[in-house]
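Read the structure below first, then the notes.
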Amino acid sequence: MEAPPDNDVLWARSLHHTHADGSPGLHGVSLGVREGEILAVGGPRGSGKSTLLHCLSGLLRAQRGEVWFNSVPVHTMGHLARERLRRDRFSWIDPAPTLVPELNVWENAALPLMLRGTGRRRAKGAALEWLERLDVGHAARKRPHELPLAARQRVCLARALAPAPTVLFADEPTAPLHRADRAHVLRTLTTAARSHGITVVLATHDAETAALADRTVSLLDGRRVNTVHLPPVTETEGRAACSLSA
Ligand SMILES: Nc1ncnc2c1ncn2[C@@H]1O[C@H](COP(=O)(O)OP(=O)(O)OP(=O)(O)O)[C@@H](O)[C@H]1O
């Protein structure tokens, strides 16, 4: 088994995955993510972005291929070890805000820290700090249902950043936000990641979002492709970008 390069925090080789119902997921995707890098995974709907993030984070075990985290094989880990890895080293942001309705906003944001064993007072402090940075500090004592969708997504971002994860997986994190809101939240996310040395793997089909990343890996039908951006053209002239198989 070939070991991954030392400076890659995540490294995947030849991932193949077909979903239980026979839907194709990934066909031989390989990639490396450097420490502190913000990597965008681009591609149209259904191209395999979420499936790739699920495999890289150990949420899903690819049927074939390898995933390494800090030179440790994830693909050979059992269910509990992968669960512990996700709890202690990774954070996750979904396209739609998923919060515990019975907890208030700061308790939601502090939850991953407390699950890692951080005391309540410290966890609350970190949660409040991130909620302030994301402009939802004023809602700390409210229940999630009292907040608009965009504010709830900001709470999810605070929850993901508060534990200072080694890797933050963000699957279309700004999908529920308006365009103006999107830019602000993304900038907060990328600035925070850079200043705290957090590696980010960001799935997006939005070119503006991908532009904030250090690098983009593009998928099409579960395969990596090289995206060639052409100069803008009028609608009648055709598409502004095309993809060529790698
Ligand atoms: N749990 C699942 N069960 C069955 N098929 C699935 C499952 N998850 C994804 N798929 C299928 O796998 C393919 C890749 O989906 P995936 O969600 O990874 O793509 P994506 O690029 O993230 O798309 P989107 O932007 O719509 O989320 C699609 O054909 C999708 O329908």
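Simple scheme: letters A, B, ... for chains in structure tokens order, numbers from 1 for residues in each chain, numbers from 1 for ligands in the order shown.
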
Mind dumping a table of every region 98-150 of chain A residue within 12 Å of region 188-194 of chain A, with the nearest atom pair and its distance in Å to one decimal, using only C-alpha atoms, sorted by chain and rising number, as a Markdown table?
```
| residue | atom | partner | partner_atom | distance |
| --- | --- | --- | --- | --- |
| A:Trp130 | CA | A:Ala192 | CA | 9.7 |
| A:Leu131 | CA | A:Thr188 | CA | 11.4 |
| A:Glu132 | CA | A:Thr188 | CA | 11.4 |
| A:Arg133 | CA | A:Thr188 | CA | 7.8 |
| A:Leu134 | CA | A:Thr188 | CA | 7.2 |
| A:Asp135 | CA | A:Thr188 | CA | 10.2 |
```

Limited to C-alpha atoms, could you put the picked residues into a file as an mmCIF file, in the first residue's frame?
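File selection.cif, as written:
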```
data_model
loop_
_atom_site.group_PDB
_atom_site.id
_atom_site.type_symbol
_atom_site.label_atom_id
_atom_site.label_comp_id
_atom_site.auth_asym_id
_atom_site.auth_seq_id
_atom_site.Cartn_x
_atom_site.Cartn_y
_atom_site.Cartn_z
ATOM 1 C CA TRP A 130 -18.300 32.532 17.072
ATOM 2 C CA LEU A 131 -21.969 33.490 17.177
ATOM 3 C CA GLU A 132 -20.897 37.147 17.586
ATOM 4 C CA ARG A 133 -18.477 36.876 14.653
ATOM 5 C CA LEU A 134 -21.251 35.501 12.509
ATOM 6 C CA ASP A 135 -23.672 38.257 13.570
#
```

Can I get the residues of chain A within 8 Å of ligand 1, each with the closest pair of atoms and their distance in Å to one decimal, using only C-alpha atoms and all ligand atoms, sorted chain first then ascending number, as a tab-separated table?
```
residue	atom	partner	partner_atom_place_in_ligand_line	distance
A:Thr18	CA	ligand 1	12 (O)	7.6
A:His19	CA	ligand 1	4 (C)	4.8
A:Ala20	CA	ligand 1	4 (C)	6.1
A:Asp21	CA	ligand 1	4 (C)	5.5
A:Gly22	CA	ligand 1	4 (C)	7.0
A:Ser23	CA	ligand 1	5 (N)	4.8
A:Pro24	CA	ligand 1	12 (O)	5.4
A:Gly25	CA	ligand 1	12 (O)	4.4
A:Leu26	CA	ligand 1	14 (C)	7.5
A:Gly42	CA	ligand 1	21 (O)	7.8
A:Gly43	CA	ligand 1	21 (O)	6.1
A:Pro44	CA	ligand 1	21 (O)	5.9
A:Arg45	CA	ligand 1	25 (O)	3.8
A:Gly46	CA	ligand 1	19 (O)	3.4
A:Ser47	CA	ligand 1	21 (O)	3.8
A:Gly48	CA	ligand 1	18 (O)	3.3
A:Lys49	CA	ligand 1	22 (O)	3.8
A:Ser50	CA	ligand 1	22 (O)	3.7
A:Thr51	CA	ligand 1	18 (O)	3.7
A:Leu52	CA	ligand 1	18 (O)	6.5
A:Asp171	CA	ligand 1	22 (O)	7.6
A:Glu172	CA	ligand 1	25 (O)	7.6
A:Ala203	CA	ligand 1	22 (O)	7.2
A:Thr204	CA	ligand 1	25 (O)	7.1
A:His205	CA	ligand 1	25 (O)	6.6
A:Leu219	CA	ligand 1	21 (O)	7.6
A:Asp221	CA	ligand 1	14 (C)	7.4
A:Gly222	CA	ligand 1	14 (C)	6.8
```

Could you save those same residues with N, CA and C atoms as a PDB file, in the first residue's frame?
```pdb
ATOM      1  N   THR A  18     -20.754   3.016  -5.632  1.00  0.00           N
ATOM      2  CA  THR A  18     -22.089   2.948  -6.232  1.00  0.00           C
ATOM      3  C   THR A  18     -23.075   2.895  -5.075  1.00  0.00           C
ATOM      4  N   HIS A  19     -24.126   3.729  -5.094  1.00  0.00           N
ATOM      5  CA  HIS A  19     -25.080   3.760  -3.987  1.00  0.00           C
ATOM      6  C   HIS A  19     -25.911   2.474  -3.955  1.00  0.00           C
ATOM      7  N   ALA A  20     -26.528   2.233  -2.789  1.00  0.00           N
ATOM      8  CA  ALA A  20     -27.243   0.961  -2.566  1.00  0.00           C
ATOM      9  C   ALA A  20     -28.317   0.694  -3.623  1.00  0.00           C
ATOM     10  N   ASP A  21     -28.926   1.766  -4.151  1.00  0.00           N
ATOM     11  CA  ASP A  21     -29.988   1.567  -5.152  1.00  0.00           C
ATOM     12  C   ASP A  21     -29.429   1.465  -6.573  1.00  0.00           C
ATOM     13  N   GLY A  22     -28.083   1.404  -6.681  1.00  0.00           N
ATOM     14  CA  GLY A  22     -27.461   1.264  -8.001  1.00  0.00           C
ATOM     15  C   GLY A  22     -27.062   2.586  -8.632  1.00  0.00           C
ATOM     16  N   SER A  23     -27.418   3.727  -7.985  1.00  0.00           N
ATOM     17  CA  SER A  23     -27.027   5.031  -8.557  1.00  0.00           C
ATOM     18  C   SER A  23     -25.507   5.168  -8.530  1.00  0.00           C
ATOM     19  N   PRO A  24     -24.927   5.588  -9.665  1.00  0.00           N
ATOM     20  CA  PRO A  24     -23.477   5.751  -9.677  1.00  0.00           C
ATOM     21  C   PRO A  24     -23.066   6.937  -8.817  1.00  0.00           C
ATOM     22  N   GLY A  25     -21.990   6.793  -8.041  1.00  0.00           N
ATOM     23  CA  GLY A  25     -21.513   7.869  -7.167  1.00  0.00           C
ATOM     24  C   GLY A  25     -20.163   8.400  -7.607  1.00  0.00           C
ATOM     25  N   LEU A  26     -19.120   7.601  -7.415  1.00  0.00           N
ATOM     26  CA  LEU A  26     -17.757   8.009  -7.782  1.00  0.00           C
ATOM     27  C   LEU A  26     -17.097   6.945  -8.642  1.00  0.00           C
ATOM     28  N   GLY A  42     -16.015  21.320  -7.140  1.00  0.00           N
ATOM     29  CA  GLY A  42     -17.043  21.889  -8.007  1.00  0.00           C
ATOM     30  C   GLY A  42     -17.659  20.830  -8.904  1.00  0.00           C
ATOM     31  N   GLY A  43     -18.703  21.245  -9.609  1.00  0.00           N
ATOM     32  CA  GLY A  43     -19.369  20.325 -10.536  1.00  0.00           C
ATOM     33  C   GLY A  43     -20.863  20.529 -10.477  1.00  0.00           C
ATOM     34  N   PRO A  44     -21.580  20.139 -11.534  1.00  0.00           N
ATOM     35  CA  PRO A  44     -23.031  20.324 -11.553  1.00  0.00           C
ATOM     36  C   PRO A  44     -23.751  19.400 -10.568  1.00  0.00           C
ATOM     37  N   ARG A  45     -25.051  19.597 -10.417  1.00  0.00           N
ATOM     38  CA  ARG A  45     -25.857  18.750  -9.532  1.00  0.00           C
ATOM     39  C   ARG A  45     -25.700  17.284  -9.929  1.00  0.00           C
ATOM     40  N   GLY A  46     -25.551  16.431  -8.923  1.00  0.00           N
ATOM     41  CA  GLY A  46     -25.467  14.999  -9.182  1.00  0.00           C
ATOM     42  C   GLY A  46     -24.114  14.534  -9.682  1.00  0.00           C
ATOM     43  N   SER A  47     -23.097  15.402  -9.635  1.00  0.00           N
ATOM     44  CA  SER A  47     -21.782  15.009 -10.174  1.00  0.00           C
ATOM     45  C   SER A  47     -20.960  14.204  -9.173  1.00  0.00           C
ATOM     46  N   GLY A  48     -21.426  14.121  -7.916  1.00  0.00           N
ATOM     47  CA  GLY A  48     -20.725  13.292  -6.928  1.00  0.00           C
ATOM     48  C   GLY A  48     -20.025  14.086  -5.835  1.00  0.00           C
ATOM     49  N   LYS A  49     -20.274  15.390  -5.749  1.00  0.00           N
ATOM     50  CA  LYS A  49     -19.579  16.230  -4.758  1.00  0.00           C
ATOM     51  C   LYS A  49     -19.874  15.751  -3.321  1.00  0.00           C
ATOM     52  N   SER A  50     -21.167  15.585  -3.022  1.00  0.00           N
ATOM     53  CA  SER A  50     -21.524  15.165  -1.652  1.00  0.00           C
ATOM     54  C   SER A  50     -20.977  13.774  -1.364  1.00  0.00           C
ATOM     55  N   THR A  51     -21.085  12.885  -2.336  1.00  0.00           N
ATOM     56  CA  THR A  51     -20.582  11.519  -2.129  1.00  0.00           C
ATOM     57  C   THR A  51     -19.086  11.555  -1.827  1.00  0.00           C
ATOM     58  N   LEU A  52     -18.350  12.421  -2.528  1.00  0.00           N
ATOM     59  CA  LEU A  52     -16.906  12.532  -2.279  1.00  0.00           C
ATOM     60  C   LEU A  52     -16.648  13.042  -0.860  1.00  0.00           C
ATOM     61  N   ASP A 171     -20.800  21.296   2.746  1.00  0.00           N
ATOM     62  CA  ASP A 171     -21.520  20.843   1.553  1.00  0.00           C
ATOM     63  C   ASP A 171     -22.522  21.925   1.157  1.00  0.00           C
ATOM     64  N   GLU A 172     -22.202  22.724   0.162  1.00  0.00           N
ATOM     65  CA  GLU A 172     -23.056  23.846  -0.276  1.00  0.00           C
ATOM     66  C   GLU A 172     -23.503  24.671   0.940  1.00  0.00           C
ATOM     67  N   ALA A 203     -17.913  21.782  -0.985  1.00  0.00           N
ATOM     68  CA  ALA A 203     -18.631  21.374  -2.200  1.00  0.00           C
ATOM     69  C   ALA A 203     -19.511  22.526  -2.661  1.00  0.00           C
ATOM     70  N   THR A 204     -19.408  22.869  -3.919  1.00  0.00           N
ATOM     71  CA  THR A 204     -20.239  23.961  -4.438  1.00  0.00           C
ATOM     72  C   THR A 204     -20.404  23.844  -5.948  1.00  0.00           C
ATOM     73  N   HIS A 205     -21.582  24.267  -6.433  1.00  0.00           N
ATOM     74  CA  HIS A 205     -21.710  24.321  -7.892  1.00  0.00           C
ATOM     75  C   HIS A 205     -21.673  25.776  -8.351  1.00  0.00           C
ATOM     76  N   LEU A 219     -15.749  17.855 -10.602  1.00  0.00           N
ATOM     77  CA  LEU A 219     -16.284  16.516 -10.874  1.00  0.00           C
ATOM     78  C   LEU A 219     -17.361  16.599 -11.946  1.00  0.00           C
ATOM     79  N   ASP A 221     -20.096  13.544 -13.476  1.00  0.00           N
ATOM     80  CA  ASP A 221     -20.508  12.136 -13.482  1.00  0.00           C
ATOM     81  C   ASP A 221     -19.565  11.259 -12.652  1.00  0.00           C
ATOM     82  N   GLY A 222     -19.181  11.767 -11.479  1.00  0.00           N
ATOM     83  CA  GLY A 222     -18.368  10.978 -10.554  1.00  0.00           C
ATOM     84  C   GLY A 222     -16.903  10.867 -10.914  1.00  0.00           C
TER      85      GLY A 222
END
```

Sort by chain and increasing residue number a table of all residues of region 13-132 of chain A within 8 Å of region 140-153 of chain A, each with its closest pair of atoms and their distance in Å to one decimal, counting only C-alpha atoms, and write it as a Markdown table.
```
| residue | atom | partner | partner_atom | distance |
| --- | --- | --- | --- | --- |
| A:Ala96 | CA | A:Gln153 | CA | 7.0 |
| A:Pro97 | CA | A:Gln153 | CA | 4.9 |
| A:Leu99 | CA | A:Pro144 | CA | 6.8 |
| A:Val100 | CA | A:Pro144 | CA | 7.6 |
| A:Pro101 | CA | A:Pro144 | CA | 5.9 |
| A:Glu102 | CA | A:Arg143 | CA | 7.2 |
| A:Leu103 | CA | A:Arg143 | CA | 6.4 |
| A:Asn104 | CA | A:Arg143 | CA | 4.4 |
| A:Val105 | CA | A:Ala140 | CA | 4.8 |
| A:Trp106 | CA | A:Ala140 | CA | 4.9 |
| A:Leu128 | CA | A:Ala140 | CA | 7.2 |
| A:Leu131 | CA | A:Ala140 | CA | 7.4 |
```

Please produce a file of those selected residues containing C-alpha atoms, as a tab-separated table (two decimals), in the first residue's frame.
```
chain	number	residue	atom	x	y	z
A	96	ALA	CA	-29.79	23.18	5.09
A	97	PRO	CA	-29.46	24.16	8.75
A	99	LEU	CA	-30.12	22.24	14.72
A	100	VAL	CA	-31.49	20.55	17.84
A	101	PRO	CA	-34.90	22.21	18.36
A	102	GLU	CA	-34.94	21.60	22.13
A	103	LEU	CA	-31.65	23.49	22.70
A	104	ASN	CA	-31.14	27.23	22.42
A	105	VAL	CA	-28.72	28.75	19.91
A	106	TRP	CA	-25.60	28.88	22.08
A	128	LEU	CA	-20.71	32.90	21.98
A	131	LEU	CA	-21.97	33.49	17.18
```

Residue with smallest distance to Gly125 (chain A) - pool A:Leu56, A:Ala207, A:Ala139, A:Ala162, counting only C-alpha atoms: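 Going through A:Leu56, A:Ala207, A:Ala139, A:Ala162 one by one, the smallest distance to Gly125 (chain A) is for A:Ala162.
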
Which residues come within 7 Å of Trp92 (chain A), counting only C-alpha atoms, excluding same-chain residues fewer than 3 positions away, as a PyMOL selection string? chain A and resi 160+168-170

Got time to write the residues from that selection, C-alpha atoms, as a PDB file, in the first residue's frame?
```pdb
ATOM      1  CA  ALA A 160     -18.695  23.978  12.945  1.00  0.00           C
ATOM      2  CA  LEU A 168     -14.141  21.408   7.980  1.00  0.00           C
ATOM      3  CA  PHE A 169     -16.370  19.759   5.367  1.00  0.00           C
ATOM      4  CA  ALA A 170     -18.912  22.187   3.968  1.00  0.00           C
TER       5      ALA A 170
END
```

When DSSP is applied to the backbone of this structure, which of region 4-212 of chain A are assigned strand (DSSP E or B)? Write them out as a PyMOL selection string. chain A and resi 8-18+24-34+38-42+64-69+72-73+90-93+167-171+199-203

What's around region 208-212 of chain A at 9 Å? Count only C-alpha atoms, leave out sequence neighbours fewer than 4 positions away in its own chain, and write the answer as a ChimeraX atom specification. /A:38-42,174,182-183,186-187,190,202-204,216

Export of prior selection with N, CA and C atoms as a short mmCIF file (atom, residue, chain, number, x, y, z; two decimals), in the first residue's frame:
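Printed below is again.cif as written:
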```
data_model
loop_
_atom_site.label_atom_id
_atom_site.label_comp_id
_atom_site.auth_asym_id
_atom_site.auth_seq_id
_atom_site.Cartn_x
_atom_site.Cartn_y
_atom_site.Cartn_z
N ILE A 38 -7.89 25.65 1.42
CA ILE A 38 -9.33 25.68 1.20
C ILE A 38 -9.56 25.14 -0.20
N LEU A 39 -10.09 23.93 -0.26
CA LEU A 39 -10.28 23.26 -1.54
C LEU A 39 -11.76 23.23 -1.90
N ALA A 40 -12.09 23.77 -3.06
CA ALA A 40 -13.48 23.69 -3.54
C ALA A 40 -13.63 22.43 -4.39
N VAL A 41 -14.73 21.72 -4.18
CA VAL A 41 -15.09 20.60 -5.05
C VAL A 41 -16.27 21.08 -5.87
N GLY A 42 -16.01 21.32 -7.14
CA GLY A 42 -17.04 21.89 -8.01
C GLY A 42 -17.66 20.83 -8.90
N THR A 174 -23.72 27.74 1.73
CA THR A 174 -24.45 29.00 1.62
C THR A 174 -25.71 28.84 0.76
N ARG A 182 -24.53 35.67 1.35
CA ARG A 182 -23.65 34.57 0.98
C ARG A 182 -22.19 35.01 0.99
N ALA A 183 -21.92 36.16 0.36
CA ALA A 183 -20.55 36.65 0.26
C ALA A 183 -19.98 36.93 1.65
N LEU A 186 -19.42 33.61 3.56
CA LEU A 186 -18.28 32.87 2.99
C LEU A 186 -16.96 33.50 3.35
N ARG A 187 -16.95 34.83 3.34
CA ARG A 187 -15.71 35.53 3.69
C ARG A 187 -15.37 35.26 5.16
N THR A 190 -14.00 31.66 5.31
CA THR A 190 -12.64 31.46 4.77
C THR A 190 -11.60 32.22 5.60
N LEU A 202 -14.87 22.19 0.44
CA LEU A 202 -16.11 22.92 0.21
C LEU A 202 -16.77 22.46 -1.09
N ALA A 203 -17.91 21.78 -0.98
CA ALA A 203 -18.63 21.37 -2.20
C ALA A 203 -19.51 22.53 -2.66
N THR A 204 -19.41 22.87 -3.92
CA THR A 204 -20.24 23.96 -4.44
C THR A 204 -20.40 23.84 -5.95
N THR A 216 -9.56 24.48 -6.98
CA THR A 216 -10.83 23.77 -7.24
C THR A 216 -10.55 22.45 -7.93
#
```

(request) Between CA of Arg61 (chain A) and CA of Val29 (chain A), measure the distance and give it in Å to one decimal. (result)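 Result for CA of Arg61 (chain A) versus CA of Val29 (chain A): 13.7 Å, one decimal.
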
Atom pair CA of Arg121 (chain A) + CA of His196 (chain A), distance 21.4 Å

Please extract the residues of region 44-136 of chain A with a backbone DSSP assignment of helix (DSSP H, G or I) and present them as a PyMOL selection string. chain A and resi 49-56+79-89+105-115+120-133

Selected residues, N, CA and C atoms, written as a compact mmCIF listing (two decimals), in the first residue's frame, please.
```
# COMPACT_ATOMS: atom_id res chain seq x y z
N LYS A 49 -20.27 15.39 -5.75
CA LYS A 49 -19.58 16.23 -4.76
C LYS A 49 -19.87 15.75 -3.32
N SER A 50 -21.17 15.59 -3.02
CA SER A 50 -21.52 15.17 -1.65
C SER A 50 -20.98 13.77 -1.36
N THR A 51 -21.09 12.88 -2.34
CA THR A 51 -20.58 11.52 -2.13
C THR A 51 -19.09 11.55 -1.83
N LEU A 52 -18.35 12.42 -2.53
CA LEU A 52 -16.91 12.53 -2.28
C LEU A 52 -16.65 13.04 -0.86
N LEU A 53 -17.37 14.09 -0.43
CA LEU A 53 -17.18 14.61 0.93
C LEU A 53 -17.52 13.55 1.98
N HIS A 54 -18.58 12.78 1.71
CA HIS A 54 -18.96 11.72 2.65
C HIS A 54 -17.85 10.68 2.76
N CYS A 55 -17.22 10.35 1.62
CA CYS A 55 -16.14 9.35 1.65
C CYS A 55 -14.90 9.90 2.35
N LEU A 56 -14.55 11.17 2.05
CA LEU A 56 -13.35 11.76 2.64
C LEU A 56 -13.49 11.91 4.16
N HIS A 79 -16.39 1.27 12.10
CA HIS A 79 -17.42 2.29 12.24
C HIS A 79 -17.15 3.23 13.42
N LEU A 80 -16.80 2.64 14.59
CA LEU A 80 -16.61 3.47 15.80
C LEU A 80 -15.40 4.38 15.69
N ALA A 81 -14.32 3.88 15.10
CA ALA A 81 -13.11 4.69 14.95
C ALA A 81 -13.38 5.86 14.01
N ARG A 82 -14.15 5.61 12.95
CA ARG A 82 -14.48 6.70 12.01
C ARG A 82 -15.40 7.72 12.69
N GLU A 83 -16.29 7.22 13.55
CA GLU A 83 -17.19 8.12 14.28
C GLU A 83 -16.38 9.04 15.21
N ARG A 84 -15.40 8.44 15.90
CA ARG A 84 -14.55 9.21 16.82
C ARG A 84 -13.74 10.24 16.05
N LEU A 85 -13.24 9.84 14.90
CA LEU A 85 -12.46 10.76 14.06
C LEU A 85 -13.31 11.96 13.66
N ARG A 86 -14.53 11.71 13.25
CA ARG A 86 -15.41 12.81 12.84
C ARG A 86 -15.73 13.71 14.02
N ARG A 87 -15.97 13.10 15.18
CA ARG A 87 -16.33 13.89 16.37
C ARG A 87 -15.16 14.77 16.82
N ASP A 88 -13.94 14.19 16.81
CA ASP A 88 -12.80 14.89 17.43
C ASP A 88 -12.01 15.77 16.46
N ARG A 89 -12.02 15.48 15.18
CA ARG A 89 -11.14 16.20 14.25
C ARG A 89 -11.85 16.92 13.11
N VAL A 105 -29.74 28.56 20.93
CA VAL A 105 -28.72 28.75 19.91
C VAL A 105 -27.31 28.52 20.44
N TRP A 106 -26.98 29.09 21.61
CA TRP A 106 -25.60 28.88 22.08
C TRP A 106 -25.37 27.43 22.47
N GLU A 107 -26.38 26.77 23.01
CA GLU A 107 -26.21 25.35 23.37
C GLU A 107 -25.98 24.51 22.11
N ASN A 108 -26.68 24.85 21.03
CA ASN A 108 -26.45 24.15 19.76
C ASN A 108 -25.02 24.35 19.30
N ALA A 109 -24.56 25.62 19.35
CA ALA A 109 -23.21 25.92 18.85
C ALA A 109 -22.13 25.30 19.73
N ALA A 110 -22.44 25.09 21.01
CA ALA A 110 -21.45 24.54 21.94
C ALA A 110 -21.43 23.01 21.95
N LEU A 111 -22.44 22.41 21.34
CA LEU A 111 -22.64 20.96 21.45
C LEU A 111 -21.42 20.12 21.02
N PRO A 112 -20.82 20.37 19.82
CA PRO A 112 -19.67 19.53 19.42
C PRO A 112 -18.50 19.63 20.39
N LEU A 113 -18.30 20.84 20.96
CA LEU A 113 -17.21 21.00 21.93
C LEU A 113 -17.49 20.16 23.18
N MET A 114 -18.73 20.20 23.64
CA MET A 114 -19.08 19.44 24.85
C MET A 114 -18.98 17.94 24.59
N LEU A 115 -19.33 17.53 23.36
CA LEU A 115 -19.21 16.10 23.02
C LEU A 115 -17.76 15.66 23.00
N ARG A 120 -18.55 22.98 30.17
CA ARG A 120 -19.67 23.81 29.72
C ARG A 120 -19.30 25.29 29.62
N ARG A 121 -18.55 25.82 30.61
CA ARG A 121 -18.23 27.25 30.61
C ARG A 121 -17.35 27.61 29.41
N ARG A 122 -16.31 26.78 29.16
CA ARG A 122 -15.41 27.06 28.03
C ARG A 122 -16.14 26.90 26.70
N ALA A 123 -16.96 25.87 26.63
CA ALA A 123 -17.70 25.61 25.38
C ALA A 123 -18.65 26.76 25.10
N LYS A 124 -19.29 27.26 26.15
CA LYS A 124 -20.22 28.38 25.98
C LYS A 124 -19.46 29.62 25.50
N GLY A 125 -18.30 29.88 26.08
CA GLY A 125 -17.48 31.04 25.70
C GLY A 125 -17.11 30.99 24.22
N ALA A 126 -16.66 29.81 23.78
CA ALA A 126 -16.25 29.67 22.37
C ALA A 126 -17.46 29.82 21.45
N ALA A 127 -18.58 29.22 21.87
CA ALA A 127 -19.80 29.30 21.05
C ALA A 127 -20.24 30.76 20.91
N LEU A 128 -20.25 31.50 22.02
CA LEU A 128 -20.71 32.90 21.98
C LEU A 128 -19.79 33.75 21.11
N GLU A 129 -18.49 33.46 21.19
CA GLU A 129 -17.52 34.22 20.39
C GLU A 129 -17.80 34.04 18.89
N TRP A 130 -18.05 32.80 18.49
CA TRP A 130 -18.30 32.53 17.07
C TRP A 130 -19.66 33.04 16.62
N LEU A 131 -20.63 32.96 17.53
CA LEU A 131 -21.97 33.49 17.18
C LEU A 131 -21.89 35.00 16.95
N GLU A 132 -21.09 35.69 17.78
CA GLU A 132 -20.90 37.15 17.59
C GLU A 132 -20.26 37.41 16.23
N ARG A 133 -19.18 36.66 15.92
CA ARG A 133 -18.48 36.88 14.65
C ARG A 133 -19.38 36.66 13.45
```

Spatial neighbours of Ala12 (chain A), max dist 7 Å, only C-alpha atoms, sep filter under 5 positions, as a ChimeraX atom specification:
/A:30-32,66-68

Between CA of Cys156 (chain A) and CA of Pro173 (chain A), what is the distance, to one decimal in Å?
->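 It comes out at 9.1 Å.
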
- Item | Nearest to Phe90 (chain A), chosen from A:Leu161, A:Val167, A:Val9, A:Leu220, with only C-alpha atoms counted in the distances |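 Going through A:Leu161, A:Val167, A:Val9, A:Leu220 one by one, the smallest distance to Phe90 (chain A) is for A:Val167.
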